[in-house]
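Q: Provided below: final_9.cif, containing mmCIF, C-alpha atoms and all ligand atoms.
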data_input
loop_
_atom_site.group_PDB
_atom_site.id
_atom_site.type_symbol
_atom_site.label_atom_id
_atom_site.label_comp_id
_atom_site.auth_asym_id
_atom_site.auth_seq_id
_atom_site.Cartn_x
_atom_site.Cartn_y
_atom_site.Cartn_z
ATOM 1 C CA MET N 235 4.968 25.081 1.364
ATOM 2 C CA SER N 236 6.065 21.468 1.035
ATOM 3 C CA THR N 237 3.671 18.660 0.178
ATOM 4 C CA PRO N 238 2.306 16.806 3.208
ATOM 5 C CA CYS N 239 3.367 13.148 3.278
ATOM 6 C CA ILE N 240 0.714 10.454 2.979
ATOM 7 C CA ILE N 241 1.746 7.677 5.345
ATOM 8 C CA SER N 242 0.472 4.253 4.267
ATOM 9 C CA VAL N 243 0.446 1.429 6.776
ATOM 10 C CA ALA N 244 0.497 -2.163 5.543
ATOM 11 C CA ILE N 245 -0.770 -3.796 8.709
ATOM 12 C CA THR N 246 -0.711 -7.547 8.004
ATOM 13 C CA GLY N 247 0.491 -8.767 4.617
ATOM 14 C CA SER N 248 0.447 -12.374 3.571
ATOM 15 C CA LEU N 249 3.723 -13.571 5.069
ATOM 16 C CA PRO N 250 4.546 -12.305 8.584
ATOM 17 C CA LYS N 251 3.328 -14.733 11.242
ATOM 18 C CA LYS N 252 2.679 -14.302 14.941
ATOM 19 C CA LYS N 253 5.926 -16.160 15.544
ATOM 20 C CA ASP N 254 7.790 -13.509 13.514
ATOM 21 C CA ASN N 255 6.216 -10.781 15.623
ATOM 22 C CA PRO N 256 3.256 -11.227 18.000
ATOM 23 C CA ALA N 257 2.052 -7.725 17.008
ATOM 24 C CA VAL N 258 1.029 -8.852 13.484
ATOM 25 C CA PRO N 259 -2.784 -8.432 13.471
ATOM 26 C CA ILE N 260 -4.616 -11.478 12.096
ATOM 27 C CA THR N 261 -8.191 -11.593 13.405
ATOM 28 C CA VAL N 262 -10.748 -9.028 12.229
ATOM 29 C CA ALA N 263 -10.777 -7.371 15.666
ATOM 30 C CA GLU N 264 -6.977 -7.215 15.739
ATOM 31 C CA GLN N 265 -6.875 -5.705 12.242
ATOM 32 C CA VAL N 266 -9.420 -3.000 13.090
ATOM 33 C CA GLU N 267 -7.691 -2.196 16.389
ATOM 34 C CA SER N 268 -4.229 -2.069 14.815
ATOM 35 C CA THR N 269 -5.493 0.191 12.005
ATOM 36 C CA HIS N 270 -7.124 2.507 14.520
ATOM 37 C CA ALA N 271 -3.902 2.873 16.510
ATOM 38 C CA ALA N 272 -1.926 3.516 13.309
ATOM 39 C CA TYR N 273 -4.538 6.099 12.212
ATOM 40 C CA GLU N 274 -4.225 7.897 15.540
ATOM 41 C CA ALA N 275 -0.438 7.846 15.064
ATOM 42 C CA GLY N 276 -0.700 9.579 11.670
ATOM 43 C CA ALA N 277 -1.411 6.986 8.971
ATOM 44 C CA ALA N 278 -3.833 8.242 6.289
ATOM 45 C CA LEU N 279 -4.022 5.025 4.240
ATOM 46 C CA VAL N 280 -4.303 1.379 5.280
ATOM 47 C CA HIS N 281 -3.202 -1.443 2.952
ATOM 48 C CA LEU N 282 -5.029 -4.678 3.700
ATOM 49 C CA HIS N 283 -4.662 -8.403 3.291
ATOM 50 C CA VAL N 284 -6.930 -10.835 5.104
ATOM 51 C CA ARG N 285 -6.086 -14.243 6.535
ATOM 52 C CA ASN N 286 -8.343 -17.043 7.520
ATOM 53 C CA ASP N 287 -8.328 -18.160 11.112
ATOM 54 C CA ASP N 288 -10.512 -20.441 13.175
ATOM 55 C CA GLU N 289 -12.183 -17.574 14.987
ATOM 56 C CA THR N 290 -14.077 -16.188 11.988
ATOM 57 C CA PRO N 291 -14.039 -18.754 9.180
ATOM 58 C CA THR N 292 -15.350 -16.983 6.088
ATOM 59 C CA SER N 293 -14.506 -16.500 2.442
ATOM 60 C CA SER N 294 -11.813 -13.972 1.658
ATOM 61 C CA ALA N 295 -14.373 -11.466 0.293
ATOM 62 C CA ASP N 296 -16.604 -11.821 3.386
ATOM 63 C CA ARG N 297 -13.622 -11.272 5.575
ATOM 64 C CA PHE N 298 -12.610 -8.148 3.643
ATOM 65 C CA ALA N 299 -16.201 -6.920 4.133
ATOM 66 C CA LEU N 300 -15.941 -7.305 7.921
ATOM 67 C CA VAL N 301 -12.546 -5.595 8.122
ATOM 68 C CA LEU N 302 -13.553 -2.721 5.818
ATOM 69 C CA ASP N 303 -16.742 -2.159 7.781
ATOM 70 C CA GLY N 304 -14.875 -2.024 11.097
ATOM 71 C CA ILE N 305 -12.208 0.294 9.746
ATOM 72 C CA ARG N 306 -14.695 2.671 8.124
ATOM 73 C CA ARG N 307 -16.596 2.978 11.400
ATOM 74 C CA HIS N 308 -13.593 3.393 13.676
ATOM 75 C CA CYS N 309 -11.201 5.401 11.476
ATOM 76 C CA PRO N 310 -13.275 8.130 9.771
ATOM 77 C CA GLY N 311 -11.870 9.147 6.410
ATOM 78 C CA ILE N 312 -8.898 6.768 6.336
ATOM 79 C CA ILE N 313 -8.150 5.605 2.786
ATOM 80 C CA THR N 314 -8.797 1.866 2.478
ATOM 81 C CA GLN N 315 -6.678 -0.091 0.035
ATOM 82 C CA VAL N 316 -7.028 -3.836 -0.559
ATOM 83 C CA SER N 317 -4.299 -6.069 -1.925
ATOM 84 C CA THR N 318 -4.994 -7.901 -5.171
ATOM 85 C CA GLY N 319 -1.611 -9.567 -4.807
ATOM 86 C CA GLY N 320 -0.906 -13.184 -5.630
ATOM 87 C CA ARG N 321 -1.774 -14.488 -2.210
ATOM 88 C CA SER N 322 -5.309 -13.083 -2.333
ATOM 89 C CA GLY N 323 -6.069 -16.165 -4.471
ATOM 90 C CA ALA N 324 -5.363 -17.434 -7.939
ATOM 91 C CA GLY N 325 -6.292 -15.571 -11.114
ATOM 92 C CA ARG N 326 -9.556 -13.657 -10.912
ATOM 93 C CA GLU N 327 -10.102 -14.614 -7.260
ATOM 94 C CA ARG N 328 -7.554 -11.899 -6.615
ATOM 95 C CA GLY N 329 -10.162 -9.262 -7.450
ATOM 96 C CA GLY N 330 -13.016 -10.974 -5.611
ATOM 97 C CA MET N 331 -13.385 -8.155 -3.078
ATOM 98 C CA LEU N 332 -13.412 -5.169 -5.445
ATOM 99 C CA HIS N 333 -17.232 -5.010 -5.421
ATOM 100 C CA LEU N 334 -16.900 -3.882 -1.787
ATOM 101 C CA ARG N 335 -15.657 -0.574 -3.216
ATOM 102 C CA PRO N 336 -12.569 0.075 -1.125
ATOM 103 C CA ASP N 337 -11.051 3.470 -2.019
ATOM 104 C CA MET N 338 -8.055 1.829 -3.664
ATOM 105 C CA ALA N 339 -6.561 -1.519 -4.620
ATOM 106 C CA SER N 340 -3.039 -2.574 -5.457
ATOM 107 C CA LEU N 341 -2.401 -3.402 -9.126
ATOM 108 C CA ALA N 342 0.910 -4.914 -10.209
ATOM 109 C CA SER N 343 1.409 -4.004 -13.859
ATOM 110 C CA GLY N 344 3.889 -6.782 -14.647
ATOM 111 C CA SER N 345 5.499 -9.981 -13.392
ATOM 112 C CA VAL N 346 8.606 -10.340 -11.247
ATOM 113 C CA ASN N 347 10.520 -12.905 -9.231
ATOM 114 C CA PHE N 348 9.815 -12.984 -5.489
ATOM 115 C CA PRO N 349 11.897 -14.836 -2.857
ATOM 116 C CA THR N 350 10.545 -18.305 -3.652
ATOM 117 C CA ARG N 351 8.192 -17.888 -6.609
ATOM 118 C CA VAL N 352 7.197 -15.897 -9.659
ATOM 119 C CA TYR N 353 4.734 -13.101 -8.903
ATOM 120 C CA ASP N 354 2.697 -13.790 -11.982
ATOM 121 C CA ASN N 355 0.728 -10.876 -13.479
ATOM 122 C CA ALA N 356 -0.156 -11.848 -17.035
ATOM 123 C CA PRO N 357 -1.416 -9.049 -19.313
ATOM 124 C CA ASP N 358 -4.982 -10.388 -19.483
ATOM 125 C CA LEU N 359 -5.218 -10.592 -15.679
ATOM 126 C CA VAL N 360 -3.848 -7.039 -15.291
ATOM 127 C CA ASP N 361 -6.446 -5.817 -17.809
ATOM 128 C CA TRP N 362 -9.237 -7.682 -16.037
ATOM 129 C CA LEU N 363 -8.299 -6.331 -12.591
ATOM 130 C CA ALA N 364 -8.036 -2.814 -14.032
ATOM 131 C CA ALA N 365 -11.497 -3.160 -15.619
ATOM 132 C CA GLU N 366 -13.024 -4.384 -12.344
ATOM 133 C CA MET N 367 -11.467 -1.428 -10.506
ATOM 134 C CA LYS N 368 -12.948 0.926 -13.079
ATOM 135 C CA THR N 369 -16.385 -0.707 -12.761
ATOM 136 C CA TYR N 370 -16.442 -0.259 -8.990
ATOM 137 C CA GLY N 371 -14.746 3.153 -8.848
ATOM 138 C CA VAL N 372 -11.638 1.813 -7.106
ATOM 139 C CA LYS N 373 -8.420 3.759 -7.700
ATOM 140 C CA PRO N 374 -5.437 1.522 -8.494
ATOM 141 C CA GLU N 375 -2.111 1.883 -6.746
ATOM 142 C CA ILE N 376 0.341 0.641 -9.341
ATOM 143 C CA GLU N 377 2.968 -1.602 -7.748
ATOM 144 C CA ALA N 378 6.205 -0.984 -9.649
ATOM 145 C CA PHE N 379 8.725 -3.736 -8.919
ATOM 146 C CA ASP N 380 10.878 -2.606 -11.840
ATOM 147 C CA LEU N 381 11.106 0.121 -14.467
ATOM 148 C CA SER N 382 8.941 -1.578 -17.106
ATOM 149 C CA MET N 383 5.980 -1.516 -14.727
ATOM 150 C CA ILE N 384 6.056 2.291 -14.696
ATOM 151 C CA PHE N 385 5.846 2.307 -18.487
ATOM 152 C CA GLN N 386 3.024 -0.261 -18.346
ATOM 153 C CA ALA N 387 1.103 1.933 -15.900
ATOM 154 C CA VAL N 388 1.330 4.886 -18.271
ATOM 155 C CA ALA N 389 0.260 2.654 -21.169
ATOM 156 C CA LEU N 390 -2.795 1.497 -19.177
ATOM 157 C CA GLU N 391 -3.729 5.114 -18.472
ATOM 158 C CA ASN N 392 -3.215 6.177 -22.100
ATOM 159 C CA ALA N 393 -5.376 3.278 -23.274
ATOM 160 C CA GLY N 394 -8.162 4.416 -20.940
ATOM 161 C CA LYS N 395 -7.952 1.164 -18.962
ATOM 162 C CA ILE N 396 -7.301 3.030 -15.722
ATOM 163 C CA GLU N 397 -8.231 6.563 -14.836
ATOM 164 C CA GLY N 398 -5.559 9.090 -14.056
ATOM 165 C CA PRO N 399 -3.836 10.669 -12.380
ATOM 166 C CA LEU N 400 -1.675 7.640 -11.633
ATOM 167 C CA HIS N 401 -0.524 6.700 -8.169
ATOM 168 C CA VAL N 402 2.565 4.489 -8.291
ATOM 169 C CA GLN N 403 4.397 2.702 -5.491
ATOM 170 C CA PHE N 404 8.081 1.979 -6.098
ATOM 171 C CA VAL N 405 8.921 -1.253 -4.269
ATOM 172 C CA MET N 406 12.536 -2.078 -3.439
ATOM 173 C CA GLY N 407 14.234 -4.664 -1.277
ATOM 174 C CA ILE N 408 12.330 -7.864 -2.100
ATOM 175 C CA LYS N 409 14.774 -10.726 -2.559
ATOM 176 C CA ASN N 410 15.236 -11.619 -6.263
ATOM 177 C CA ALA N 411 13.496 -8.386 -7.361
ATOM 178 C CA MET N 412 14.866 -4.786 -7.439
ATOM 179 C CA PRO N 413 17.255 -4.092 -4.559
ATOM 180 C CA VAL N 414 17.354 -0.818 -2.655
ATOM 181 C CA ASP N 415 19.431 1.400 -4.953
ATOM 182 C CA ARG N 416 19.489 5.185 -4.825
ATOM 183 C CA GLU N 417 20.323 5.843 -8.475
ATOM 184 C CA VAL N 418 17.570 3.543 -9.695
ATOM 185 C CA PHE N 419 15.151 5.139 -7.248
ATOM 186 C CA GLU N 420 15.926 8.623 -8.539
ATOM 187 C CA PHE N 421 15.546 7.361 -12.088
ATOM 188 C CA TYR N 422 12.085 5.949 -11.219
ATOM 189 C CA VAL N 423 11.063 9.329 -9.798
ATOM 190 C CA ARG N 424 12.335 11.219 -12.855
ATOM 191 C CA THR N 425 10.816 8.761 -15.310
ATOM 192 C CA LEU N 426 7.377 8.911 -13.714
ATOM 193 C CA ALA N 427 7.520 12.730 -13.652
ATOM 194 C CA ARG N 428 8.482 12.758 -17.338
ATOM 195 C CA LEU N 429 5.819 10.285 -18.494
ATOM 196 C CA ALA N 430 2.984 11.265 -16.141
ATOM 197 C CA PRO N 431 3.602 14.747 -14.700
ATOM 198 C CA ASP N 432 0.438 14.701 -12.566
ATOM 199 C CA ALA N 433 1.194 11.306 -10.977
ATOM 200 C CA THR N 434 1.818 10.833 -7.264
ATOM 201 C CA TRP N 435 4.149 8.207 -5.819
ATOM 202 C CA THR N 436 5.133 6.313 -2.675
ATOM 203 C CA GLY N 437 8.397 4.554 -1.824
ATOM 204 C CA ALA N 438 8.140 1.148 -0.128
ATOM 205 C CA GLY N 439 11.267 -0.469 1.305
ATOM 206 C CA ILE N 440 10.952 -4.107 2.278
ATOM 207 C CA GLY N 441 12.880 -5.517 5.216
ATOM 208 C CA LYS N 442 15.706 -3.746 6.954
ATOM 209 C CA GLU N 443 15.755 -0.911 4.396
ATOM 210 C CA GLN N 444 12.221 0.244 5.214
ATOM 211 C CA LEU N 445 13.431 3.514 6.713
ATOM 212 C CA THR N 446 15.933 4.147 3.920
ATOM 213 C CA LEU N 447 13.075 4.348 1.420
ATOM 214 C CA ALA N 448 11.050 6.505 3.835
ATOM 215 C CA LYS N 449 13.927 8.999 4.055
ATOM 216 C CA TRP N 450 14.471 9.085 0.284
ATOM 217 C CA SER N 451 10.739 9.541 -0.310
ATOM 218 C CA LEU N 452 10.500 12.397 2.178
ATOM 219 C CA GLU N 453 13.536 14.023 0.598
ATOM 220 C CA LEU N 454 12.314 13.723 -3.000
ATOM 221 C CA GLY N 455 8.711 14.806 -2.382
ATOM 222 C CA GLY N 456 6.986 11.433 -2.376
ATOM 223 C CA HIS N 457 4.871 9.556 0.122
ATOM 224 C CA CYS N 458 5.859 6.822 2.588
ATOM 225 C CA ARG N 459 4.793 3.290 3.363
ATOM 226 C CA THR N 460 5.514 1.387 6.534
ATOM 227 C CA GLY N 461 3.926 -1.448 8.513
ATOM 228 C CA LEU N 462 4.446 -4.982 9.715
ATOM 229 C CA GLU N 463 3.746 -6.446 6.248
ATOM 230 C CA ASP N 464 7.071 -5.064 5.050
ATOM 231 C CA ASN N 465 9.204 -5.285 8.167
ATOM 232 C CA VAL N 466 8.515 -6.651 11.630
ATOM 233 C CA ARG N 467 11.377 -4.716 13.218
ATOM 234 C CA LEU N 468 11.603 -1.221 14.642
ATOM 235 C CA ASP N 469 15.357 -1.245 14.153
ATOM 236 C CA ARG N 470 17.840 -4.007 13.417
ATOM 237 C CA ASP N 471 17.503 -5.589 16.865
ATOM 238 C CA THR N 472 14.099 -4.684 18.250
ATOM 239 C CA LEU N 473 10.767 -6.187 17.219
ATOM 240 C CA ALA N 474 8.237 -3.458 16.434
ATOM 241 C CA PRO N 475 5.660 -3.401 19.227
ATOM 242 C CA SER N 476 2.897 -2.389 16.797
ATOM 243 C CA ASN N 477 2.012 -0.919 13.420
ATOM 244 C CA ALA N 478 1.460 2.391 15.232
ATOM 245 C CA ALA N 479 5.089 2.327 16.427
ATOM 246 C CA LEU N 480 6.276 1.964 12.828
ATOM 247 C CA VAL N 481 4.030 4.870 11.759
ATOM 248 C CA LYS N 482 5.438 7.025 14.573
ATOM 249 C CA GLN N 483 8.934 6.242 13.341
ATOM 250 C CA VAL N 484 8.026 7.833 9.971
ATOM 251 C CA THR N 485 6.133 10.803 11.435
ATOM 252 C CA GLY N 486 9.249 11.428 13.546
ATOM 253 C CA LEU N 487 11.357 11.704 10.381
ATOM 254 C CA CYS N 488 9.115 14.212 8.586
ATOM 255 C CA ASP N 489 10.384 17.345 10.292
ATOM 256 C CA ALA N 490 14.009 16.797 9.285
ATOM 257 C CA TYR N 491 12.892 16.912 5.633
ATOM 258 C CA GLY N 492 10.553 19.905 6.005
ATOM 259 C CA ARG N 493 7.511 17.637 5.662
ATOM 260 C CA ARG N 494 4.561 16.738 7.874
ATOM 261 C CA PRO N 495 2.097 13.842 7.836
ATOM 262 C CA ALA N 496 -0.959 14.437 5.630
ATOM 263 C CA THR N 497 -4.381 14.377 7.243
ATOM 264 C CA VAL N 498 -6.906 12.012 5.718
ATOM 265 C CA ASP N 499 -8.629 14.960 3.999
ATOM 266 C CA GLU N 500 -5.345 16.179 2.500
ATOM 267 C CA ALA N 501 -4.460 12.644 1.406
ATOM 268 C CA ARG N 502 -7.836 12.271 -0.309
ATOM 269 C CA ARG N 503 -7.380 15.553 -2.156
ATOM 270 C CA MET N 504 -3.845 14.652 -3.292
ATOM 271 C CA LEU N 505 -4.970 11.239 -4.566
ATOM 272 C CA ARG N 506 -8.166 12.738 -6.087
ATOM 273 C CA LEU N 507 -10.369 10.498 -3.976
ATOM 274 C CA PRO N 508 -13.811 11.651 -2.860
ATOM 275 C CA ALA N 509 -14.158 13.176 0.593
ATOM 276 C CA VAL N 510 -15.871 10.902 3.065
ATOM 277 C CA ASP N 511 -19.037 11.673 4.944
ATOM 278 C CA ALA N 512 -17.809 11.039 8.473
ATOM 279 C CA SER N 513 -21.347 11.071 9.882
ATOM 280 C CA THR N 514 -21.545 7.297 9.375
ATOM 281 C CA ALA N 515 -18.571 6.747 11.647
ATOM 282 C CA ILE N 516 -19.030 5.903 15.282
ATOM 283 C CA ALA N 517 -16.999 7.526 18.006
ATOM 284 C CA ALA N 518 -13.631 5.839 18.214
HETATM 285 ZN ZN ZN M 1 0.450 -6.147 0.514
#
How does the structure come out when it is put into structure tokens?
A:
Amino acid sequence: MSTPCIISVAITGSLPKKKDNPAVPITVAEQVESTHAAYEAGAALVHLHVRNDDETPTSSADRFALVLDGIRRHCPGIITQVSTGGRSGAGRERGGMLHLRPDMASLASGSVNFPTRVYDNAPDLVDWLAAEMKTYGVKPEIEAFDLSMIFQAVALENAGKIEGPLHVQFVMGIKNAMPVDREVFEFYVRTLARLAPDATWTGAGIGKEQLTLAKWSLELGGHCRTGLEDNVRLDRDTLAPSNAALVKQVTGLCDAYGRRPATVDEARRMLRLPAVDASTAIAA
């Protein structure tokens, strides 16, 4: 039987604005509602950034607390993953929400050029974020923007700085970083399997190649990421009406590759995350 596919939905991100697509959820209520619709559509993992707005002016960590609380109550069992990316603050501010104990957090294991800046992940910051994740029992999702970051992830695991098994996301399509390239993608998959045979992985395509990476990931036994953070379009001409619509696009592809979307329980087992006591959830 083939491995069920964990569908991650990156609902907001740090860049897409309402003017790019009115469906981008910004307020806490919008983020919880959008996650719930994506969860009902088949997403098992939500990747989160928070933005400040005038409606609920709070610190970034307080805002994460509100969003995580709403999501945990309305989407029983969904895997919560916070971004510790560069726009969550500078330096150690980027890990300022880890004490909230989300299930997972993103962890870039090296630096890379982004469209207009350097995505700076110095070794001491990577080590510090990894240590904080370990302290609070948060599983890292390694963000691999190039091949060296896969090797760095394995080195972190071997040094005991992060606990295995690794979960790695291969990111392609960001301007000035690794383009969408099939041979490189296959080499990533083979390299991770060689260095860390028990690792799991997700393919994330940014921009118009979002579905290309979803198809390759379904084909090669990996997991899929979608969402308005990565691409505000449903196809080349149509704005995506919602995160749920993007999730449905991926669930609709599964069958052709002999796959099906993972339930939240299956996703938790595959990522070795604890099962959740759903009794604290309220009826959605
Ligand atoms: Zn993100």
Q: Which residue, N:Gly319, N:Pro495, N:Pro250, N:Gly371, has the smallest gap to ligand ZN 1 (chain M) when you use all atoms listed in the file?
A: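 Distance minimum relative to ligand ZN 1 (chain M) lands on N:Gly319.
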Q: Could you tell me which of N:Val481, N:Leu507, N:Val466, N:Met367 comes closest to N:Lys252 if we count all atoms listed in the file?
A: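 For N:Lys252, the nearest of the given residues is N:Val466.
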Q: If the PyMOL selection byres (((not hetatm)) within 9 of (chain M and resi 1)) is run on the structure shown, which residues does it catch, given as a PyMOL selection string?
A: chain N and resi 244-248+281-283+316-319+340+463-464
Q: Using the chain letters and residue numbers of this document, give as a PyMOL selection string the residues selected by the PyMOL selection byres (((chain N and resi 380) around 10) and not hetatm).
A: chain N and resi 343-346+377-379+381-385+404-406+411-413+418-419+422
Q: Please dump the current selection as an mmCIF file, in the coordinates of the input; keep C-alpha atoms.
A:
data_model
loop_
_atom_site.group_PDB
_atom_site.id
_atom_site.type_symbol
_atom_site.label_atom_id
_atom_site.label_comp_id
_atom_site.auth_asym_id
_atom_site.auth_seq_id
_atom_site.Cartn_x
_atom_site.Cartn_y
_atom_site.Cartn_z
ATOM 1 C CA SER N 343 1.409 -4.004 -13.859
ATOM 2 C CA GLY N 344 3.889 -6.782 -14.647
ATOM 3 C CA SER N 345 5.499 -9.981 -13.392
ATOM 4 C CA VAL N 346 8.606 -10.340 -11.247
ATOM 5 C CA GLU N 377 2.968 -1.602 -7.748
ATOM 6 C CA ALA N 378 6.205 -0.984 -9.649
ATOM 7 C CA PHE N 379 8.725 -3.736 -8.919
ATOM 8 C CA LEU N 381 11.106 0.121 -14.467
ATOM 9 C CA SER N 382 8.941 -1.578 -17.106
ATOM 10 C CA MET N 383 5.980 -1.516 -14.727
ATOM 11 C CA ILE N 384 6.056 2.291 -14.696
ATOM 12 C CA PHE N 385 5.846 2.307 -18.487
ATOM 13 C CA PHE N 404 8.081 1.979 -6.098
ATOM 14 C CA VAL N 405 8.921 -1.253 -4.269
ATOM 15 C CA MET N 406 12.536 -2.078 -3.439
ATOM 16 C CA ALA N 411 13.496 -8.386 -7.361
ATOM 17 C CA MET N 412 14.866 -4.786 -7.439
ATOM 18 C CA PRO N 413 17.255 -4.092 -4.559
ATOM 19 C CA VAL N 418 17.570 3.543 -9.695
ATOM 20 C CA PHE N 419 15.151 5.139 -7.248
ATOM 21 C CA TYR N 422 12.085 5.949 -11.219
#
Q: When the PyMOL selection byres (((chain N and resi 473) around 12) and not hetatm) is applied to the file above, which residues end up in the set, as a list in words?
A: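 On the file shown, the PyMOL selection byres (((chain N and resi 473) around 12) and not hetatm) covers Lys252, Lys253, Asp254, Asn255, Pro256, Ala257, Val258, Lys442, Leu462, Asn465, Val466, Arg467, Leu468, Asp469, Arg470, Asp471, Thr472, Ala474, Pro475, Ser476, Asn477, Ala479 and Leu480 of chain N.
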Q: Using Å and a single decimal, report how far atom CA of N:Ile260 sits from atom CA of N:Glu366.
A: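 One can read the atom CA of N:Glu366 to atom CA of N:Ile260 distance as 26.8 Å.
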